[in-house]
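So this one's query_23.pdb, PDB, C-alpha atoms, pLDDT in the B column:
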```
ATOM      1  CA  MET W   1      -3.180 100.792 181.196  1.00 44.00           C
ATOM      2  CA  ASN W   2      -6.523 100.426 179.502  1.00 49.00           C
ATOM      3  CA  ARG W   3      -7.987  97.865 177.164  1.00 53.00           C
ATOM      4  CA  PRO W   4      -6.004  97.540 173.921  1.00 55.00           C
ATOM      5  CA  THR W   5      -7.674  99.089 170.886  1.00 56.00           C
ATOM      6  CA  GLY W   6      -9.347  96.830 168.354  1.00 58.00           C
ATOM      7  CA  PHE W   7      -9.041  96.654 164.577  1.00 54.00           C
ATOM      8  CA  THR W   8     -12.027  98.920 163.940  1.00 55.00           C
ATOM      9  CA  GLU W   9     -10.666 101.605 166.281  1.00 60.00           C
ATOM     10  CA  GLN W  10      -7.476 102.026 164.236  1.00 67.00           C
ATOM     11  CA  PRO W  11      -8.464 101.555 160.574  1.00 72.00           C
ATOM     12  CA  GLY W  12      -5.378 103.301 159.194  1.00 77.00           C
ATOM     13  CA  TRP W  13      -2.932 101.057 161.052  1.00 74.00           C
ATOM     14  CA  THR W  14      -5.000  97.989 160.201  1.00 74.00           C
ATOM     15  CA  ALA W  15      -4.951  98.862 156.480  1.00 79.00           C
ATOM     16  CA  LEU W  16      -1.187  99.466 156.578  1.00 80.00           C
ATOM     17  CA  GLY W  17      -0.652  96.145 158.354  1.00 77.00           C
ATOM     18  CA  LEU W  18      -2.733  94.274 155.798  1.00 79.00           C
ATOM     19  CA  LEU W  19      -0.798  95.941 152.977  1.00 82.00           C
ATOM     20  CA  VAL W  20       2.526  94.844 154.497  1.00 80.00           C
ATOM     21  CA  VAL W  21       1.255  91.304 155.039  1.00 82.00           C
ATOM     22  CA  CYS W  22       0.068  91.067 151.413  1.00 85.00           C
ATOM     23  CA  ALA W  23       3.285  92.546 149.950  1.00 86.00           C
ATOM     24  CA  GLY W  24       5.288  89.309 149.769  1.00 87.00           C
ATOM     25  CA  PRO W  25       2.655  87.169 148.068  1.00 89.00           C
ATOM     26  CA  LEU W  26       1.769  90.005 145.648  1.00 89.00           C
ATOM     27  CA  ILE W  27       5.430  90.505 144.675  1.00 90.00           C
ATOM     28  CA  LEU W  28       5.821  86.751 144.166  1.00 89.00           C
ATOM     29  CA  LEU W  29       2.625  86.612 142.092  1.00 90.00           C
ATOM     30  CA  ALA W  30       3.806  89.505 139.899  1.00 90.00           C
ATOM     31  CA  GLY W  31       7.136  87.765 139.255  1.00 89.00           C
ATOM     32  CA  VAL W  32       5.682  84.337 138.513  1.00 90.00           C
ATOM     33  CA  SER W  33       2.778  85.529 136.344  1.00 90.00           C
ATOM     34  CA  GLY W  34       4.975  87.619 134.043  1.00 85.00           C
ATOM     35  CA  LEU W  35       3.789  91.089 135.048  1.00 88.00           C
ATOM     36  CA  VAL W  36       7.397  92.301 135.197  1.00 88.00           C
ATOM     37  CA  PRO W  37       9.994  92.429 132.379  1.00 90.00           C
ATOM     38  CA  ASP W  38      11.969  89.243 131.771  1.00 88.00           C
ATOM     39  CA  ASP W  39      15.297  90.771 132.816  1.00 90.00           C
ATOM     40  CA  ALA W  40      13.873  91.674 136.266  1.00 90.00           C
ATOM     41  CA  ARG W  41      11.808  88.537 136.802  1.00 90.00           C
ATOM     42  CA  ALA W  42      14.430  86.597 138.780  1.00 91.00           C
ATOM     43  CA  GLY W  43      14.983  89.467 141.203  1.00 91.00           C
ATOM     44  CA  VAL W  44      11.266  89.973 141.722  1.00 90.00           C
ATOM     45  CA  VAL W  45      10.669  86.259 142.335  1.00 91.00           C
ATOM     46  CA  VAL W  46      13.540  86.111 144.854  1.00 92.00           C
ATOM     47  CA  THR W  47      12.199  89.206 146.607  1.00 90.00           C
ATOM     48  CA  GLY W  48       8.745  87.596 146.749  1.00 90.00           C
ATOM     49  CA  LEU W  49      10.235  84.361 148.097  1.00 91.00           C
ATOM     50  CA  VAL W  50      12.007  86.308 150.860  1.00 91.00           C
ATOM     51  CA  TRP W  51       9.075  88.569 151.746  1.00 88.00           C
ATOM     52  CA  THR W  52       6.369  85.881 151.779  1.00 89.00           C
ATOM     53  CA  PRO W  53       7.711  83.904 154.781  1.00 90.00           C
ATOM     54  CA  PHE W  54       8.607  87.172 156.518  1.00 86.00           C
ATOM     55  CA  THR W  55       5.054  88.493 156.187  1.00 84.00           C
ATOM     56  CA  ALA W  56       3.640  85.118 157.244  1.00 86.00           C
ATOM     57  CA  VAL W  57       5.732  85.251 160.444  1.00 87.00           C
ATOM     58  CA  VAL W  58       4.592  88.835 161.108  1.00 81.00           C
ATOM     59  CA  LEU W  59       0.967  87.796 160.650  1.00 81.00           C
ATOM     60  CA  VAL W  60       1.313  84.803 162.991  1.00 85.00           C
ATOM     61  CA  LEU W  61       3.024  86.939 165.661  1.00 85.00           C
ATOM     62  CA  PHE W  62       0.296  89.558 165.374  1.00 79.00           C
ATOM     63  CA  VAL W  63      -2.531  87.023 165.709  1.00 81.00           C
ATOM     64  CA  VAL W  64      -0.865  85.205 168.622  1.00 85.00           C
ATOM     65  CA  GLY W  65      -0.183  88.513 170.398  1.00 82.00           C
ATOM     66  CA  THR W  66      -3.754  89.696 169.905  1.00 81.00           C
ATOM     67  CA  LEU W  67      -5.186  86.433 171.238  1.00 84.00           C
ATOM     68  CA  ARG W  68      -2.852  86.598 174.256  1.00 86.00           C
ATOM     69  CA  ASP W  69      -3.875  90.204 174.999  1.00 82.00           C
ATOM     70  CA  GLN W  70      -7.559  89.303 174.797  1.00 84.00           C
ATOM     71  CA  ARG W  71      -7.039  86.340 177.141  1.00 86.00           C
ATOM     72  CA  VAL W  72      -5.145  88.499 179.657  1.00 83.00           C
ATOM     73  CA  TRP W  73      -7.835  91.216 179.690  1.00 82.00           C
ATOM     74  CA  ARG W  74     -10.599  88.595 180.061  1.00 87.00           C
ATOM     75  CA  GLU W  75      -8.669  87.131 182.988  1.00 85.00           C
ATOM     76  CA  LEU W  76      -8.478  90.578 184.597  1.00 84.00           C
ATOM     77  CA  ASP W  77     -12.215  91.061 184.019  1.00 84.00           C
ATOM     78  CA  ALA W  78     -12.949  87.701 185.677  1.00 87.00           C
ATOM     79  CA  ALA W  79     -10.490  87.686 188.586  1.00 84.00           C
ATOM     80  CA  GLY W  80      -9.722  91.366 189.063  1.00 83.00           C
ATOM     81  CA  VAL W  81     -10.240  93.196 192.336  1.00 86.00           C
ATOM     82  CA  ARG W  82     -11.313  96.839 192.307  1.00 89.00           C
ATOM     83  CA  VAL W  83      -9.292  98.943 194.735  1.00 90.00           C
ATOM     84  CA  LEU W  84      -8.710 102.659 195.141  1.00 90.00           C
ATOM     85  CA  GLY W  85      -5.287 103.991 194.215  1.00 90.00           C
ATOM     86  CA  GLU W  86      -4.129 107.207 195.846  1.00 93.00           C
ATOM     87  CA  VAL W  87      -2.617 109.866 193.567  1.00 92.00           C
ATOM     88  CA  THR W  88       0.852 110.799 194.840  1.00 93.00           C
ATOM     89  CA  SER W  89       1.748 113.243 192.045  1.00 91.00           C
ATOM     90  CA  ALA W  90       0.333 114.693 188.838  1.00 88.00           C
ATOM     91  CA  GLN W  91       2.198 116.619 186.183  1.00 89.00           C
ATOM     92  CA  HIS W  92       1.511 117.850 182.653  1.00 87.00           C
ATOM     93  CA  VAL W  93       3.719 116.233 180.005  1.00 87.00           C
ATOM     94  CA  TRP W  94       3.936 116.235 176.230  1.00 85.00           C
ATOM     95  CA  SER W  95       2.498 113.312 174.322  1.00 77.00           C
ATOM     96  CA  GLY W  96       3.672 113.569 170.741  1.00 74.00           C
ATOM     97  CA  GLU W  97       4.362 116.897 169.050  1.00 75.00           C
ATOM     98  CA  ASP W  98       1.184 118.820 169.807  1.00 77.00           C
ATOM     99  CA  ASP W  99      -0.702 116.974 172.520  1.00 81.00           C
ATOM    100  CA  ARG W 100      -0.398 117.459 176.252  1.00 84.00           C
ATOM    101  CA  CYS W 101      -1.540 114.934 178.817  1.00 86.00           C
ATOM    102  CA  THR W 102      -1.388 114.429 182.534  1.00 86.00           C
ATOM    103  CA  ARG W 103       0.914 111.836 184.092  1.00 88.00           C
ATOM    104  CA  ILE W 104      -0.428 110.629 187.407  1.00 90.00           C
ATOM    105  CA  ARG W 105       1.558 108.499 189.820  1.00 92.00           C
ATOM    106  CA  MET W 106      -0.423 106.410 192.277  1.00 92.00           C
ATOM    107  CA  LEU W 107       0.130 104.179 195.250  1.00 93.00           C
ATOM    108  CA  VAL W 108      -2.068 101.099 194.964  1.00 91.00           C
ATOM    109  CA  ALA W 109      -2.686  98.798 197.924  1.00 89.00           C
ATOM    110  CA  VAL W 110      -4.134  95.348 197.217  1.00 86.00           C
ATOM    111  CA  PRO W 111      -5.213  93.009 200.017  1.00 84.00           C
ATOM    112  CA  GLY W 112      -2.687  90.188 200.386  1.00 84.00           C
ATOM    113  CA  ARG W 113       0.036  91.948 198.368  1.00 85.00           C
ATOM    114  CA  PRO W 114       2.529  94.676 199.137  1.00 88.00           C
ATOM    115  CA  PRO W 115       1.538  98.146 197.889  1.00 90.00           C
ATOM    116  CA  PHE W 116       3.009  99.221 194.553  1.00 89.00           C
ATOM    117  CA  THR W 117       3.447 102.467 192.658  1.00 90.00           C
ATOM    118  CA  THR W 118       2.186 102.920 189.116  1.00 88.00           C
ATOM    119  CA  SER W 119       2.125 105.700 186.563  1.00 87.00           C
ATOM    120  CA  HIS W 120      -0.602 106.432 184.015  1.00 84.00           C
ATOM    121  CA  LEU W 121      -1.034 108.974 181.236  1.00 83.00           C
ATOM    122  CA  VAL W 122      -4.455 110.603 181.092  1.00 82.00           C
ATOM    123  CA  ALA W 123      -5.509 112.487 177.956  1.00 80.00           C
ATOM    124  CA  GLY W 124      -5.680 116.260 178.287  1.00 80.00           C
ATOM    125  CA  GLU W 125      -4.260 118.719 180.784  1.00 80.00           C
ATOM    126  CA  ARG W 126      -6.156 118.017 183.966  1.00 78.00           C
ATOM    127  CA  VAL W 127      -5.708 119.281 187.475  1.00 82.00           C
ATOM    128  CA  VAL W 128      -5.674 116.149 189.616  1.00 84.00           C
ATOM    129  CA  GLU W 129      -5.204 116.764 193.312  1.00 88.00           C
ATOM    130  CA  VAL W 130      -2.638 114.753 195.253  1.00 90.00           C
ATOM    131  CA  GLY W 131      -4.549 112.397 197.527  1.00 91.00           C
ATOM    132  CA  THR W 132      -7.392 111.846 195.044  1.00 89.00           C
ATOM    133  CA  ARG W 133      -8.593 108.237 195.072  1.00 91.00           C
ATOM    134  CA  VAL W 134      -8.923 106.585 191.649  1.00 88.00           C
ATOM    135  CA  PRO W 135     -10.513 103.150 191.058  1.00 89.00           C
ATOM    136  CA  VAL W 136      -8.042 100.588 189.722  1.00 88.00           C
ATOM    137  CA  ASP W 137      -8.707  96.996 188.645  1.00 87.00           C
ATOM    138  CA  VAL W 138      -5.877  94.747 189.899  1.00 88.00           C
ATOM    139  CA  HIS W 139      -5.291  91.037 189.412  1.00 84.00           C
ATOM    140  CA  PRO W 140      -4.835  89.451 192.861  1.00 80.00           C
ATOM    141  CA  THR W 141      -1.743  87.372 191.964  1.00 79.00           C
ATOM    142  CA  ARG W 142      -0.262  88.769 188.734  1.00 78.00           C
ATOM    143  CA  ASP W 143       1.267  92.164 187.977  1.00 78.00           C
ATOM    144  CA  LEU W 144      -1.709  93.202 185.884  1.00 78.00           C
ATOM    145  CA  PHE W 145      -3.784  96.326 186.463  1.00 82.00           C
ATOM    146  CA  ARG W 146      -5.657  99.122 184.689  1.00 82.00           C
ATOM    147  CA  LEU W 147      -7.514 102.291 185.544  1.00 82.00           C
ATOM    148  CA  ALA W 148     -11.183 101.518 186.089  1.00 80.00           C
ATOM    149  CA  ALA W 149     -12.170 105.163 185.592  1.00 73.00           C
ATOM    150  CA  GLU W 150     -10.541 108.464 184.674  1.00 68.00           C
ATOM    151  CA  PRO W 151      -9.401 110.511 187.675  1.00 69.00           C
ATOM    152  CA  ALA W 152     -11.657 113.367 188.681  1.00 66.00           C
ATOM    153  CA  SER W 153     -10.252 116.796 187.950  1.00 58.00           C
ATOM    154  CA  ARG W 154     -11.069 120.250 189.192  1.00 55.00           C
TER
END
```

Final structure tokens representation of the file:
Amino acid sequence: MNRPTGFTEQPGWTALGLLVVCAGPLILLAGVSGLVPDDARAGVVVTGLVWTPFTAVVLVLFVVGTLRDQRVWRELDAAGVRVLGEVTSAQHVWSGEDDRCTRIRMLVAVPGRPPFTTSHLVAGERVVEVGTRVPVDVHPTRDLFRLAAEPASR
């Protein structure tokens, strides 16, 4: 699990999200300002009244989720412990229609906690040897971790 992508790293999804968030108020504005025929005005206004609170809730959930994610990653940066996870298996899997990636399973041992197993997808078809040690950042008390570096491949 790596750092979540930011707005500028996914401009297409950001533009689509902004369009959806603006849909309710724009529909309501079109109905109230008379940009639609009179016989359809009531339906357009009702649609705008329904979509506006819906899009406001979506926007609030998005902002709250983004702020929470940023706080969690900052907490991992501040309190995280870097340990070495041992690769227990690696296999090539499909990711989408055309892309292949490598799924690695690792055993991670953290001082003061029982060892745990995790699975990560790494871009591209790589040959990762079983037993390879990969750096992992782990929070000492929470179930929060991420790869600190890509695994070395042959």

Could you give me, as a JSON list (two decimals) with C-alpha atoms, keeping the file's coordinate frame, the residues that sit within 9 Å of (-4.4, 89.2, 187.1) in the file's coordinates, counting all atoms listed in the file?
```json
[["chain", "number", "residue", "atom", "x", "y", "z"],
["W", 72, "VAL", "CA", -5.14, 88.50, 179.66],
["W", 73, "TRP", "CA", -7.84, 91.22, 179.69],
["W", 75, "GLU", "CA", -8.67, 87.13, 182.99],
["W", 76, "LEU", "CA", -8.48, 90.58, 184.60],
["W", 77, "ASP", "CA", -12.22, 91.06, 184.02],
["W", 78, "ALA", "CA", -12.95, 87.70, 185.68],
["W", 79, "ALA", "CA", -10.49, 87.69, 188.59],
["W", 80, "GLY", "CA", -9.72, 91.37, 189.06],
["W", 81, "VAL", "CA", -10.24, 93.20, 192.34],
["W", 138, "VAL", "CA", -5.88, 94.75, 189.90],
["W", 139, "HIS", "CA", -5.29, 91.04, 189.41],
["W", 140, "PRO", "CA", -4.84, 89.45, 192.86],
["W", 141, "THR", "CA", -1.74, 87.37, 191.96],
["W", 142, "ARG", "CA", -0.26, 88.77, 188.73],
["W", 143, "ASP", "CA", 1.27, 92.16, 187.98],
["W", 144, "LEU", "CA", -1.71, 93.20, 185.88],
["W", 145, "PHE", "CA", -3.78, 96.33, 186.46]]
```

Review point. Can you tell me how far atom CA of W:Val128 sits from atom CA of W:Glu86, in Å to one decimal?
Key: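 Here the two named atoms are 11.0 Å from each other.
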
Check your understanding: Which value, in Å to one decimal, gives the distance between atom CA of W:Arg133 and atom CA of W:Leu84?
Key ->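 So the two atoms, atom CA of W:Arg133 and atom CA of W:Leu84, lie 5.6 Å apart.
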
Exercise for review: Choose the residue, out of W:Arg126, W:Arg41, W:Arg74, W:His120, that has the smallest atom-to-atom separation from W:Thr88; count all atoms listed in the file.
Suggested key: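 Residue with the minimum atom-to-atom distance to W:Thr88: W:His120.
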
Review point. Got a sec to resolve the PyMOL selection byres ((chain W and resi 14-27) around 6) on this structure and send the residues as number ranges by chain?
Key: W: 11-13, 28-30, 48, 51-52, 55

Emit the selected residues as a compact mmCIF listing (two decimals), keeping the file's coordinate frame, including C-alpha atoms.
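Result saved to out35.txt:
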```
# COMPACT_ATOMS: atom_id res chain seq x y z
CA PRO W 11 -8.46 101.56 160.57
CA GLY W 12 -5.38 103.30 159.19
CA TRP W 13 -2.93 101.06 161.05
CA LEU W 28 5.82 86.75 144.17
CA LEU W 29 2.62 86.61 142.09
CA ALA W 30 3.81 89.50 139.90
CA GLY W 48 8.74 87.60 146.75
CA TRP W 51 9.07 88.57 151.75
CA THR W 52 6.37 85.88 151.78
CA THR W 55 5.05 88.49 156.19
```

Check your understanding: Which one is closest to W:Val45: W:Val32, W:Val57, W:Ala123, W:Asp99? Count all atoms listed in the file.
Key ->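 Selected residue with least distance to W:Val45: W:Val32.
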
Review point. Which distance in Å separates atom CA of W:Gly124 and atom CA of W:His92, to one decimal?
Key: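 For atom CA of W:Gly124 relative to atom CA of W:His92, the distance reads 8.6 Å.
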
Practice item. Report as a PyMOL selection string the residues that result from applying the PyMOL selection byres ((chain W and resi 131) around 6) to the structure here. Key: chain W and resi 86-87+130+132
